[in-house]
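Coordinates from coords11.pdb are shown below (PDB, C-alpha atoms).
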```pdb
ATOM      1  CA  MET A   1      39.089  -2.208   3.728
ATOM      2  CA  LEU A   2      39.391  -4.562   0.763
ATOM      3  CA  SER A   3      41.484  -7.492   1.971
ATOM      4  CA  ARG A   4      39.867 -10.281  -0.032
ATOM      5  CA  ALA A   5      39.120 -10.677  -3.730
ATOM      6  CA  PRO A   6      35.846  -9.063  -4.866
ATOM      7  CA  PHE A   7      32.751 -11.173  -5.485
ATOM      8  CA  VAL A   8      32.338 -11.414  -9.277
ATOM      9  CA  ASP A   9      29.707 -13.440 -11.111
ATOM     10  CA  THR A  10      30.123 -15.257 -14.414
ATOM     11  CA  HIS A  11      28.697 -12.245 -16.276
ATOM     12  CA  GLY A  12      31.356  -9.888 -14.929
ATOM     13  CA  ARG A  13      29.133  -8.100 -12.424
ATOM     14  CA  VAL A  14      30.923  -7.124  -9.229
ATOM     15  CA  VAL A  15      29.006  -7.186  -5.944
ATOM     16  CA  ARG A  16      29.132  -3.758  -4.291
ATOM     17  CA  ASP A  17      25.786  -3.642  -2.504
ATOM     18  CA  LEU A  18      24.410  -5.830   0.303
ATOM     19  CA  ARG A  19      20.780  -5.785   1.415
ATOM     20  CA  ILE A  20      20.293  -7.181   4.919
ATOM     21  CA  SER A  21      16.820  -8.107   6.110
ATOM     22  CA  VAL A  22      16.776  -7.880   9.896
ATOM     23  CA  THR A  23      13.243  -9.253  10.334
ATOM     24  CA  ASP A  24      10.354 -10.600   8.291
ATOM     25  CA  ARG A  25       7.788  -8.954  10.580
ATOM     26  CA  CYS A  26       5.959  -5.758   9.737
ATOM     27  CA  ASN A  27       3.525  -3.403  11.456
ATOM     28  CA  LEU A  28       1.553  -2.867   8.237
ATOM     29  CA  ARG A  29      -0.292  -5.395   6.062
ATOM     30  CA  CYS A  30      -0.062  -3.852   2.603
ATOM     31  CA  VAL A  31      -2.326  -5.569   0.101
ATOM     32  CA  TYR A  32       0.410  -5.938  -2.538
ATOM     33  CA  CYS A  33       2.750  -7.613  -0.054
ATOM     34  CA  MET A  34       0.925  -9.848   2.405
ATOM     35  CA  PRO A  35      -2.491 -11.055   3.563
ATOM     36  CA  ALA A  36      -4.375  -9.380   6.392
ATOM     37  CA  GLU A  37      -3.862 -12.336   8.716
ATOM     38  CA  GLY A  38      -2.061 -15.647   8.935
ATOM     39  CA  MET A  39       1.509 -14.691   8.037
ATOM     40  CA  PRO A  40       4.031 -17.496   8.763
ATOM     41  CA  TRP A  41       6.531 -15.436  10.782
ATOM     42  CA  LEU A  42      10.016 -16.843  11.272
ATOM     43  CA  PRO A  43      10.701 -18.302  14.735
ATOM     44  CA  ARG A  44      12.928 -15.990  16.731
ATOM     45  CA  GLU A  45      15.678 -18.589  17.080
ATOM     46  CA  GLN A  46      16.038 -18.732  13.305
ATOM     47  CA  LEU A  47      16.857 -15.030  13.015
ATOM     48  CA  LEU A  48      20.518 -14.145  12.757
ATOM     49  CA  THR A  49      21.820 -12.323  15.804
ATOM     50  CA  TYR A  50      23.284  -8.860  15.429
ATOM     51  CA  GLU A  51      26.729 -10.361  15.935
ATOM     52  CA  GLU A  52      26.108 -12.821  13.095
ATOM     53  CA  LEU A  53      24.769 -10.084  10.820
ATOM     54  CA  ALA A  54      27.765  -7.852  11.548
ATOM     55  CA  ARG A  55      30.194 -10.694  10.949
ATOM     56  CA  PHE A  56      28.651 -11.475   7.572
ATOM     57  CA  ALA A  57      28.676  -7.779   6.672
ATOM     58  CA  ARG A  58      32.354  -7.442   7.617
ATOM     59  CA  ILE A  59      33.333 -10.348   5.375
ATOM     60  CA  CYS A  60      31.387  -8.788   2.505
ATOM     61  CA  VAL A  61      33.012  -5.389   3.066
ATOM     62  CA  GLU A  62      36.412  -7.081   3.023
ATOM     63  CA  CYS A  63      35.377  -8.435  -0.389
ATOM     64  CA  GLY A  64      34.538  -5.032  -1.799
ATOM     65  CA  VAL A  65      30.971  -4.278  -0.687
ATOM     66  CA  ARG A  66      30.609  -0.510  -0.342
ATOM     67  CA  GLY A  67      26.985  -0.099   0.677
ATOM     68  CA  ILE A  68      24.629  -1.875   3.060
ATOM     69  CA  ARG A  69      20.887  -1.293   3.206
ATOM     70  CA  LEU A  70      18.840  -2.559   6.154
ATOM     71  CA  THR A  71      15.422  -3.857   5.212
ATOM     72  CA  GLY A  72      12.658  -6.104   6.488
ATOM     73  CA  GLY A  73       9.829  -6.755   6.843
ATOM     74  CA  GLU A  74       9.949  -3.499   8.691
ATOM     75  CA  PRO A  75      13.445  -3.119  10.199
ATOM     76  CA  THR A  76      12.432  -0.697  12.956
ATOM     77  CA  VAL A  77      10.290  -3.352  14.650
ATOM     78  CA  ARG A  78      13.406  -5.363  15.503
ATOM     79  CA  GLN A  79      14.453  -4.518  19.034
ATOM     80  CA  ASP A  80      17.474  -2.259  19.529
ATOM     81  CA  LEU A  81      18.115  -1.675  15.825
ATOM     82  CA  PRO A  82      20.581   1.188  16.522
ATOM     83  CA  VAL A  83      22.841  -1.380  18.206
ATOM     84  CA  LEU A  84      23.226  -3.189  14.888
ATOM     85  CA  VAL A  85      23.749   0.102  13.061
ATOM     86  CA  ARG A  86      26.639   0.990  15.368
ATOM     87  CA  MET A  87      28.181  -2.446  14.817
ATOM     88  CA  LEU A  88      27.984  -1.998  11.060
ATOM     89  CA  ARG A  89      29.330   1.539  11.195
ATOM     90  CA  ALA A  90      32.329   0.256  13.160
ATOM     91  CA  ILE A  91      33.278  -1.948  10.207
ATOM     92  CA  SER A  92      34.189   1.068   8.092
ATOM     93  CA  PRO A  93      33.604   4.818   8.393
ATOM     94  CA  ALA A  94      33.330   4.951   4.590
ATOM     95  CA  LEU A  95      30.532   2.381   4.376
ATOM     96  CA  ASP A  96      27.302   3.739   2.887
ATOM     97  CA  LEU A  97      24.620   2.697   5.385
ATOM     98  CA  SER A  98      20.970   3.166   4.530
ATOM     99  CA  LEU A  99      17.561   2.053   5.748
ATOM    100  CA  THR A 100      14.283   1.236   4.020
ATOM    101  CA  THR A 101      11.321   1.772   6.328
ATOM    102  CA  ASN A 102       7.599   2.498   6.418
ATOM    103  CA  ALA A 103       8.451   5.289   8.915
ATOM    104  CA  LEU A 104       5.769   4.364  11.462
ATOM    105  CA  GLU A 105       8.402   4.374  14.214
ATOM    106  CA  LEU A 106      10.785   6.874  12.653
ATOM    107  CA  ALA A 107       9.547   9.945  14.522
ATOM    108  CA  GLY A 108      10.926   8.476  17.728
ATOM    109  CA  MET A 109      14.031   6.858  16.213
ATOM    110  CA  ALA A 110      15.379   9.208  13.535
ATOM    111  CA  ASP A 111      17.896  11.032  15.725
ATOM    112  CA  GLU A 112      19.220   7.836  17.300
ATOM    113  CA  LEU A 113      19.550   6.072  13.945
ATOM    114  CA  ARG A 114      21.349   9.078  12.493
ATOM    115  CA  GLY A 115      23.688   9.191  15.453
ATOM    116  CA  ALA A 116      24.334   5.461  15.224
ATOM    117  CA  GLY A 117      25.512   5.778  11.643
ATOM    118  CA  ILE A 118      22.644   5.567   9.130
ATOM    119  CA  ASP A 119      23.366   7.907   6.207
ATOM    120  CA  ARG A 120      20.129   7.782   4.217
ATOM    121  CA  VAL A 121      16.554   6.591   4.569
ATOM    122  CA  ASN A 122      13.998   5.436   2.013
ATOM    123  CA  VAL A 123      10.391   5.638   3.167
ATOM    124  CA  SER A 124       7.573   3.672   1.558
ATOM    125  CA  LEU A 125       4.455   5.778   0.944
ATOM    126  CA  ASP A 126       1.924   5.016  -1.784
ATOM    127  CA  THR A 127      -0.759   7.639  -1.223
ATOM    128  CA  LEU A 128      -1.470  10.983   0.416
ATOM    129  CA  SER A 129      -5.060  10.023   1.173
ATOM    130  CA  ARG A 130      -5.782   8.802   4.681
ATOM    131  CA  GLU A 131      -8.608   6.605   3.428
ATOM    132  CA  ARG A 132      -6.500   5.050   0.660
ATOM    133  CA  PHE A 133      -3.580   4.550   2.998
ATOM    134  CA  HIS A 134      -5.877   2.636   5.345
ATOM    135  CA  ALA A 135      -7.228   0.559   2.459
ATOM    136  CA  ILE A 136      -3.753  -0.272   1.073
ATOM    137  CA  SER A 137      -1.930  -0.886   4.361
ATOM    138  CA  ARG A 138      -4.910  -2.065   6.435
ATOM    139  CA  ARG A 139      -3.795   0.381   9.140
ATOM    140  CA  ASP A 140      -4.843   3.994   9.801
ATOM    141  CA  ARG A 141      -1.293   5.299  10.185
ATOM    142  CA  LEU A 142      -0.696   7.903   7.455
ATOM    143  CA  ALA A 143      -0.100  10.637  10.059
ATOM    144  CA  ASP A 144       2.686   8.548  11.628
ATOM    145  CA  VAL A 145       4.426   8.120   8.268
ATOM    146  CA  LEU A 146       4.325  11.851   7.606
ATOM    147  CA  ALA A 147       5.657  12.547  11.100
ATOM    148  CA  GLY A 148       8.447  10.046  10.530
ATOM    149  CA  LEU A 149       9.421  11.702   7.263
ATOM    150  CA  ALA A 150       9.531  15.109   8.918
ATOM    151  CA  ALA A 151      11.694  13.706  11.717
ATOM    152  CA  ALA A 152      14.096  12.195   9.186
ATOM    153  CA  LYS A 153      14.512  15.565   7.508
ATOM    154  CA  ARG A 154      15.101  17.292  10.848
ATOM    155  CA  ALA A 155      17.652  14.653  11.815
ATOM    156  CA  GLY A 156      19.745  15.550   8.781
ATOM    157  CA  PHE A 157      19.226  12.576   6.500
ATOM    158  CA  SER A 158      19.910  13.653   2.940
ATOM    159  CA  PRO A 159      18.374  12.859   0.639
ATOM    160  CA  VAL A 160      15.202  11.525   2.200
ATOM    161  CA  LYS A 161      13.692   9.326  -0.499
ATOM    162  CA  VAL A 162      10.078   8.246  -0.785
ATOM    163  CA  ASN A 163       9.192   5.016  -2.614
ATOM    164  CA  ALA A 164       5.700   4.756  -4.091
ATOM    165  CA  VAL A 165       4.015   1.779  -5.767
ATOM    166  CA  LEU A 166       1.110   2.595  -8.077
ATOM    167  CA  MET A 167      -1.651   0.093  -8.911
ATOM    168  CA  ARG A 168      -4.404   0.562 -11.451
ATOM    169  CA  GLY A 169      -7.764   1.121  -9.854
ATOM    170  CA  THR A 170      -6.198   1.894  -6.483
ATOM    171  CA  ASN A 171      -3.852   4.889  -6.599
ATOM    172  CA  ASP A 172      -2.770   5.273 -10.233
ATOM    173  CA  ASP A 173      -4.132   8.838 -10.259
ATOM    174  CA  GLU A 174      -1.616   9.974  -7.631
ATOM    175  CA  ALA A 175       1.594  10.156  -9.667
ATOM    176  CA  VAL A 176       1.411  13.929 -10.083
ATOM    177  CA  PRO A 177       0.034  14.733  -6.581
ATOM    178  CA  LEU A 178       2.782  12.643  -4.998
ATOM    179  CA  ALA A 179       5.411  14.338  -7.152
ATOM    180  CA  ARG A 180       4.169  17.841  -6.322
ATOM    181  CA  TRP A 181       4.029  17.017  -2.628
ATOM    182  CA  ALA A 182       7.469  15.386  -2.501
ATOM    183  CA  ARG A 183       9.319  18.185  -4.211
ATOM    184  CA  GLY A 184       7.469  20.748  -2.107
ATOM    185  CA  GLU A 185       8.670  18.958   1.029
ATOM    186  CA  GLY A 186      12.211  18.440  -0.273
ATOM    187  CA  TYR A 187      11.954  14.647  -0.606
ATOM    188  CA  GLU A 188      13.170  12.634  -3.605
ATOM    189  CA  LEU A 189      10.328  10.558  -4.964
ATOM    190  CA  ARG A 190      10.880   7.130  -6.512
ATOM    191  CA  PHE A 191       8.067   5.309  -8.260
ATOM    192  CA  VAL A 192       8.562   1.549  -8.095
ATOM    193  CA  GLU A 193       6.764  -0.784 -10.479
ATOM    194  CA  TRP A 194       4.614  -3.329  -8.666
ATOM    195  CA  MET A 195       6.501  -6.636  -8.661
ATOM    196  CA  PRO A 196       5.214 -10.223  -8.301
ATOM    197  CA  LEU A 197       6.520 -10.696  -4.781
ATOM    198  CA  ASP A 198       3.341 -10.910  -2.699
ATOM    199  CA  PHE A 199       2.753 -13.853  -0.372
ATOM    200  CA  GLN A 200      -0.724 -14.342  -1.806
ATOM    201  CA  HIS A 201       0.615 -14.778  -5.376
ATOM    202  CA  GLN A 202      -2.143 -12.485  -6.615
ATOM    203  CA  TRP A 203       0.036 -10.128  -8.658
ATOM    204  CA  ASP A 204      -1.824  -8.999 -11.768
ATOM    205  CA  ARG A 205       0.116  -7.596 -14.733
ATOM    206  CA  ASN A 206      -3.009  -5.712 -15.812
ATOM    207  CA  ARG A 207      -2.887  -3.651 -12.611
ATOM    208  CA  LEU A 208       0.783  -2.750 -13.042
ATOM    209  CA  VAL A 209       1.351   0.917 -13.897
ATOM    210  CA  PRO A 210       4.401   0.803 -16.206
ATOM    211  CA  ALA A 211       7.246   3.274 -16.037
ATOM    212  CA  ASP A 212       6.376   4.844 -19.409
ATOM    213  CA  ASP A 213       2.858   5.663 -18.212
ATOM    214  CA  ILE A 214       4.160   7.211 -14.996
ATOM    215  CA  LEU A 215       6.705   9.295 -16.890
ATOM    216  CA  ALA A 216       4.097  10.506 -19.383
ATOM    217  CA  ALA A 217       1.757  11.587 -16.594
ATOM    218  CA  LEU A 218       4.541  13.470 -14.841
ATOM    219  CA  GLU A 219       5.756  15.227 -17.976
ATOM    220  CA  ARG A 220       2.264  16.490 -18.817
ATOM    221  CA  ALA A 221       2.103  18.344 -15.506
ATOM    222  CA  LEU A 222       5.718  18.826 -14.460
ATOM    223  CA  PRO A 223       8.174  19.144 -17.366
ATOM    224  CA  LEU A 224      11.276  17.026 -16.842
ATOM    225  CA  LEU A 225      14.848  16.739 -18.050
ATOM    226  CA  PRO A 226      16.737  13.427 -17.889
ATOM    227  CA  VAL A 227      19.671  13.516 -15.512
ATOM    228  CA  PRO A 228      22.863  12.981 -17.554
ATOM    229  CA  PRO A 229      24.778   9.798 -16.670
ATOM    230  CA  GLU A 230      27.716  11.800 -15.330
ATOM    231  CA  ASP A 231      25.411  13.689 -12.938
ATOM    232  CA  GLY A 232      22.996  10.906 -12.111
ATOM    233  CA  ASP A 233      22.843   7.725 -10.132
ATOM    234  CA  ASP A 234      25.477   5.033 -10.218
ATOM    235  CA  PRO A 235      24.980   2.870 -13.350
ATOM    236  CA  SER A 236      24.075  -0.040 -11.063
ATOM    237  CA  SER A 237      21.318   1.972  -9.366
ATOM    238  CA  PRO A 238      17.842   0.579 -10.102
ATOM    239  CA  ALA A 239      16.337   4.065 -10.514
ATOM    240  CA  ARG A 240      16.520   6.290 -13.552
ATOM    241  CA  THR A 241      16.180   9.930 -12.578
ATOM    242  CA  TRP A 242      14.879  13.153 -14.049
ATOM    243  CA  ARG A 243      15.186  16.785 -12.971
ATOM    244  CA  TYR A 244      12.262  19.146 -12.964
ATOM    245  CA  ARG A 245      12.867  21.800 -15.633
ATOM    246  CA  ASP A 246      12.423  24.600 -13.112
ATOM    247  CA  GLY A 247      15.362  23.211 -11.150
ATOM    248  CA  VAL A 248      13.400  22.263  -8.040
ATOM    249  CA  GLY A 249      13.961  18.625  -7.180
ATOM    250  CA  ARG A 250      14.304  15.259  -8.903
ATOM    251  CA  VAL A 251      12.135  12.208  -9.430
ATOM    252  CA  GLY A 252      13.051   8.627 -10.272
ATOM    253  CA  ILE A 253      11.393   5.504 -11.599
ATOM    254  CA  ILE A 254      12.411   1.926 -10.857
ATOM    255  CA  ALA A 255      11.105  -0.135 -13.782
ATOM    256  CA  SER A 256      11.906  -3.566 -12.407
ATOM    257  CA  VAL A 257       9.301  -5.304 -14.563
ATOM    258  CA  THR A 258       9.053  -3.418 -17.861
ATOM    259  CA  LYS A 259      12.683  -2.286 -18.170
ATOM    260  CA  PRO A 260      14.790  -4.609 -16.017
ATOM    261  CA  PHE A 261      18.291  -3.501 -15.155
ATOM    262  CA  CYS A 262      19.737  -6.932 -14.390
ATOM    263  CA  GLY A 263      22.810  -6.371 -16.551
ATOM    264  CA  GLN A 264      24.119  -3.761 -14.113
ATOM    265  CA  CYS A 265      22.938  -5.404 -10.895
ATOM    266  CA  ASP A 266      25.592  -5.330  -8.166
ATOM    267  CA  ARG A 267      23.418  -6.573  -5.281
ATOM    268  CA  ILE A 268      23.069  -9.629  -3.117
ATOM    269  CA  ARG A 269      20.649 -10.120  -0.247
ATOM    270  CA  LEU A 270      20.795 -11.774   3.150
ATOM    271  CA  THR A 271      17.470 -12.834   4.607
ATOM    272  CA  ALA A 272      16.723 -12.475   8.294
ATOM    273  CA  ASP A 273      17.180 -16.225   8.741
ATOM    274  CA  GLY A 274      20.595 -16.266   7.117
ATOM    275  CA  GLN A 275      19.974 -17.223   3.496
ATOM    276  CA  ILE A 276      21.885 -15.570   0.657
ATOM    277  CA  ARG A 277      19.787 -14.599  -2.349
ATOM    278  CA  THR A 278      21.362 -13.227  -5.515
ATOM    279  CA  CYS A 279      18.080 -11.889  -6.935
ATOM    280  CA  LEU A 280      14.687 -10.890  -5.593
ATOM    281  CA  PHE A 281      13.177 -13.514  -7.892
ATOM    282  CA  ALA A 282      15.693 -16.288  -7.203
ATOM    283  CA  HIS A 283      14.438 -19.736  -6.263
ATOM    284  CA  ARG A 284      17.726 -20.962  -4.846
ATOM    285  CA  GLU A 285      19.050 -19.802  -1.479
ATOM    286  CA  HIS A 286      22.451 -20.391   0.099
ATOM    287  CA  ASP A 287      22.536 -21.057   3.833
ATOM    288  CA  VAL A 288      25.144 -19.240   5.911
ATOM    289  CA  ARG A 289      23.315 -19.475   9.237
ATOM    290  CA  HIS A 290      24.018 -23.191   9.544
ATOM    291  CA  ALA A 291      27.659 -22.637   8.626
ATOM    292  CA  MET A 292      28.083 -19.851  11.168
ATOM    293  CA  ARG A 293      26.416 -21.814  13.937
ATOM    294  CA  SER A 294      28.484 -24.890  13.099
ATOM    295  CA  GLY A 295      31.738 -23.032  13.701
ATOM    296  CA  ALA A 296      32.723 -22.153  10.126
ATOM    297  CA  GLY A 297      35.573 -19.663   9.808
ATOM    298  CA  ASP A 298      35.517 -16.474   7.758
ATOM    299  CA  ASP A 299      37.131 -18.176   4.767
ATOM    300  CA  ALA A 300      34.365 -20.775   4.698
ATOM    301  CA  ILE A 301      31.670 -18.097   4.898
ATOM    302  CA  GLU A 302      33.374 -16.191   2.091
ATOM    303  CA  ALA A 303      33.430 -19.373  -0.005
ATOM    304  CA  ILE A 304      29.656 -19.814   0.420
ATOM    305  CA  VAL A 305      29.031 -16.252  -0.744
ATOM    306  CA  ARG A 306      31.437 -16.606  -3.641
ATOM    307  CA  ALA A 307      29.767 -19.824  -4.801
ATOM    308  CA  ALA A 308      26.341 -18.166  -4.587
ATOM    309  CA  VAL A 309      27.491 -15.171  -6.632
ATOM    310  CA  LEU A 310      28.972 -17.429  -9.304
ATOM    311  CA  ARG A 311      25.525 -18.986  -9.750
ATOM    312  CA  LYS A 312      23.791 -15.626 -10.143
ATOM    313  CA  ALA A 313      21.482 -15.722 -13.161
ATOM    314  CA  PRO A 314      21.853 -13.157 -15.959
ATOM    315  CA  GLY A 315      18.412 -11.740 -15.175
ATOM    316  CA  HIS A 316      14.883 -12.421 -13.970
ATOM    317  CA  LEU A 317      12.147 -13.848 -16.190
ATOM    318  CA  VAL A 318       9.193 -11.714 -15.078
ATOM    319  CA  GLY A 319       6.776 -11.399 -17.971
ATOM    320  CA  GLN A 320       8.307 -14.296 -19.874
ATOM    321  CA  ALA A 321       6.968 -17.783 -20.420
ATOM    322  CA  GLY A 322       8.051 -20.079 -17.641
ATOM    323  CA  PHE A 323       8.329 -17.407 -14.930
ATOM    324  CA  VAL A 324       7.484 -18.796 -11.515
ATOM    325  CA  GLN A 325       7.069 -16.444  -8.575
ATOM    326  CA  PRO A 326       9.387 -17.271  -5.664
ATOM    327  CA  ALA A 327       7.766 -18.956  -2.663
ATOM    328  CA  ARG A 328       8.926 -16.229  -0.291
ATOM    329  CA  GLY A 329       7.235 -12.868  -0.418
ATOM    330  CA  MET A 330       9.040  -9.542  -0.351
ATOM    331  CA  SER A 331       8.730  -9.136   3.417
ATOM    332  CA  ALA A 332      10.600 -12.409   3.957
ATOM    333  CA  ILE A 333      13.224 -11.694   1.302
ATOM    334  CA  GLY A 334      14.112  -8.102   2.120
ATOM    335  CA  GLY A 335      13.990  -5.352  -0.494
TER     336      GLY A 335
END
```
Rendering of file as C-alpha cells:
Amino acid sequence: MLSRAPFVDTHGRVVRDLRISVTDRCNLRCVYCMPAEGMPWLPREQLLTYEELARFARICVECGVRGIRLTGGEPTVRQDLPVLVRMLRAISPALDLSLTTNALELAGMADELRGAGIDRVNVSLDTLSRERFHAISRRDRLADVLAGLAAAKRAGFSPVKVNAVLMRGTNDDEAVPLARWARGEGYELRFVEWMPLDFQHQWDRNRLVPADDILAALERALPLLPVPPEDGDDPSSPARTWRYRDGVGRVGIIASVTKPFCGQCDRIRLTADGQIRTCLFAHREHDVRHAMRSGAGDDAIEAIVRAAVLRKAPGHLVGQAGFVQPARGMSAIGG
C-alpha cells in the first residue's frame, strides 16, 4: 500500500513500526509505573477519536509502516476497542496488528479482538505469586491475568508473549520460575529491563536487574542457545532471543537500559492525545491532533510526521550524565 515516500531519519533508519496509545488510563497501579492515587488522566475530549487514529495510521501505512501495536495505559479499558481494530485492519490485510495488555479484560475479549483483526498479543506479568502481584500492581487480579492468557491461547493468537519486569528486592528471584512456567504453557517470555518512565520519577538504577544477570540465571537452570540472526527476530526488534537446548520454547530479553538498540530502532509513537514521539525518552512532541481538528489534509499530516522523524535523536541517554527523565510516564506515552 506504499503510495508515499517512506519516513527516514537523518541516521538512515526507516520507520516501519507505529505504536498507538489509545488511552492513558489503566485498571492497575503498578509501582514501577504510577502512584496509587492522584493520576492526572487526560480529559476525554483530548483523546483522538477512532476515526482520527485510523486516519493517522492509514497515512503512516501509505508511508511504509508495516506493523501497528495498540498500547495504553491499558488499551482494553477504552470502550469498543474492537471497532478501532476493524478500522485498522481495513487499511491493509497485510498489516501486522498487535496488542499490549495486562489481560485483566482479555478473557471476555480475546475472541472478538482476534476476529476483528489482532494478530498477536503481549501480556504484562511480573510474578506468579498472588501476594507479589497484589503488592506490585496494587490489585488482587492475578487470576484474571492467567485467565486472559488462557483465553488468548484458545482464541488462536500465536505467539502469545509475556513481558516481565524484574526489580531487585521485589521479584528478582522469579526469572527461572517464570521461564519454566511460560514454556510449560506455550507462551514466549520476554524479560524487559526496568526503565526510568514512572510518573513518580523514583526509578533506581540499583534496583534494575540487568540483562546479563537475567541471562546468567536462566542458563544455570535452563541451558540456552542463541537464536541465529537468520532465524530470529527482525534486526529492529528490541528483544534478543534464545532457544532452550531441549528444543522446547524460546525466551527473550529487552535490554533497553544496559544494551540499547537505538541504532536499529524503526518505531514512532502516537500518544492518546495526538502527539508524535520518536522515542520513549524524547522530550519533544509533535502535535497532530490540532492539525487534524483544524482541517489539515493528509499531505500536511504527513509533513508533520516527516519533520518529527527527521529530528529523531540517534539514541537515548539513560545512564549517561545529563539524562533527564521525560515528564510523561509510560502509561501516558504508550509502550
Legend entry - Residues matched by the PyMOL selection byres ((chain A and resi 157-160) around 12), written as a PyMOL selection string: chain A and resi 97-101+103+106+110-115+117-124+148-156+161-163+182-183+185-190+249-251
Inset, instruction - Write out as a VMD selection string which residues come within 7 Å of Leu95 of chain A when counting only C-alpha atoms, dropping same-chain ones fewer than 3 positions away. - result: chain A and resid 66 to 67 89 92
Just C-alpha atoms for this one: save the residues we selected as a PDB file, in the coordinates of the input.
```
ATOM      1  CA  ARG A  66      30.609  -0.510  -0.342  1.00  0.00           C
ATOM      2  CA  GLY A  67      26.985  -0.099   0.677  1.00  0.00           C
ATOM      3  CA  ARG A  89      29.330   1.539  11.195  1.00  0.00           C
ATOM      4  CA  SER A  92      34.189   1.068   8.092  1.00  0.00           C
TER       5      SER A  92
END
```
Inset, instruction - Find the residue from A:Arg277, A:Ala175, A:Met195, A:His201 that sits nearest to Leu218 of chain A; use only C-alpha atoms when measuring. - result: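 For Leu218 of chain A, the nearest of the given residues is A:Ala175.
The residues caught by the PyMOL selection byres ((chain A and resi 45-53) around 6) in this file are Pro43, Arg44, Ala54, Arg55, Phe56, Leu84, Ala272 and Asp273 of chain A.
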Legend entry - Minimum-distance residue to Glu285 of chain A, chosen among A:Pro314, A:Pro326, A:Gly247, A:Gly72 (using all atoms listed in the file): A:Pro326
Inset, instruction - Find the residue from A:Cys60, A:Met109, A:Val145, A:Ala90 that sits nearest to Asn27 of chain A; use all atoms listed in the file when measuring. - result: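 Smallest distance to Asn27 of chain A is found for A:Val145.
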Legend entry - Answer as a PyMOL selection string, residues within 9 Å of (25.2, -13.4, 0.4) using only C-alpha atoms: chain A and resi 18-19+56+60+268-271+274-278+286-288+302+304-306+308-309
Legend entry - Nearest to Gly334 of chain A by atom-to-atom distance, counting only C-alpha atoms, from A:Glu74, A:Asp299, A:Asp80, A:Asp140: A:Glu74
Legend entry - 9 Å contact set for Leu81 of chain A, all atoms listed in the file, chain neighbours under 4 positions out, as a list in words: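 The neighbour list is Val22, Tyr50, Pro75, Thr76, Val77, Val85, Arg86 and Leu113 of chain A.
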Inset, instruction - Pull out every residue that the PyMOL selection byres ((chain A and resi 235-244) around 7) matches in the shown coordinates and put them as a VMD selection string. - result: chain A and resid 222 to 227 232 to 234 245 to 254 261 264 to 266
Give me a file of those residues, with C-alpha atoms, as a PDB file, keeping the file's coordinate frame.
```pdb
ATOM      1  CA  LEU A 222       5.718  18.826 -14.460  1.00  0.00           C
ATOM      2  CA  PRO A 223       8.174  19.144 -17.366  1.00  0.00           C
ATOM      3  CA  LEU A 224      11.276  17.026 -16.842  1.00  0.00           C
ATOM      4  CA  LEU A 225      14.848  16.739 -18.050  1.00  0.00           C
ATOM      5  CA  PRO A 226      16.737  13.427 -17.889  1.00  0.00           C
ATOM      6  CA  VAL A 227      19.671  13.516 -15.512  1.00  0.00           C
ATOM      7  CA  GLY A 232      22.996  10.906 -12.111  1.00  0.00           C
ATOM      8  CA  ASP A 233      22.843   7.725 -10.132  1.00  0.00           C
ATOM      9  CA  ASP A 234      25.477   5.033 -10.218  1.00  0.00           C
ATOM     10  CA  ARG A 245      12.867  21.800 -15.633  1.00  0.00           C
ATOM     11  CA  ASP A 246      12.423  24.600 -13.112  1.00  0.00           C
ATOM     12  CA  GLY A 247      15.362  23.211 -11.150  1.00  0.00           C
ATOM     13  CA  VAL A 248      13.400  22.263  -8.040  1.00  0.00           C
ATOM     14  CA  GLY A 249      13.961  18.625  -7.180  1.00  0.00           C
ATOM     15  CA  ARG A 250      14.304  15.259  -8.903  1.00  0.00           C
ATOM     16  CA  VAL A 251      12.135  12.208  -9.430  1.00  0.00           C
ATOM     17  CA  GLY A 252      13.051   8.627 -10.272  1.00  0.00           C
ATOM     18  CA  ILE A 253      11.393   5.504 -11.599  1.00  0.00           C
ATOM     19  CA  ILE A 254      12.411   1.926 -10.857  1.00  0.00           C
ATOM     20  CA  PHE A 261      18.291  -3.501 -15.155  1.00  0.00           C
ATOM     21  CA  GLN A 264      24.119  -3.761 -14.113  1.00  0.00           C
ATOM     22  CA  CYS A 265      22.938  -5.404 -10.895  1.00  0.00           C
ATOM     23  CA  ASP A 266      25.592  -5.330  -8.166  1.00  0.00           C
TER      24      ASP A 266
END
```
Inset, instruction - May I ask which of the residues A:Asp298, A:Asp198, A:Asp17, A:Glu37 is the closest one to Arg58 of chain A, counting all atoms listed in the file? - result: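 So, comparing all the options, the nearest one is A:Asp298.
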Applying 12 Å and all atoms listed in the file, which residues near His134 of chain A remain after dropping the ones on its own chain fewer than 5 positions away? List them as a CSV table (one decimal) with C-alpha atoms, keeping the file's coordinate frame.
```
chain,number,residue,atom,x,y,z
A,28,LEU,CA,1.6,-2.9,8.2
A,29,ARG,CA,-0.3,-5.4,6.1
A,30,CYS,CA,-0.1,-3.9,2.6
A,31,VAL,CA,-2.3,-5.6,0.1
A,125,LEU,CA,4.5,5.8,0.9
A,126,ASP,CA,1.9,5.0,-1.8
A,127,THR,CA,-0.8,7.6,-1.2
A,128,LEU,CA,-1.5,11.0,0.4
A,129,SER,CA,-5.1,10.0,1.2
A,139,ARG,CA,-3.8,0.4,9.1
A,140,ASP,CA,-4.8,4.0,9.8
A,141,ARG,CA,-1.3,5.3,10.2
A,142,LEU,CA,-0.7,7.9,7.5
A,143,ALA,CA,-0.1,10.6,10.1
A,170,THR,CA,-6.2,1.9,-6.5
```
Put the listed atoms of segment 72-91 of chain A in a box along x, y and z with 6 Å added on every side and give me the centre and edge lengths in Å to one decimal, as lines of an AutoDock Vina configuration file.
```
center_x = 21.6
center_y = -2.6
center_z = 13.0
size_x = 35.4
size_y = 20.3
size_z = 25.0
```
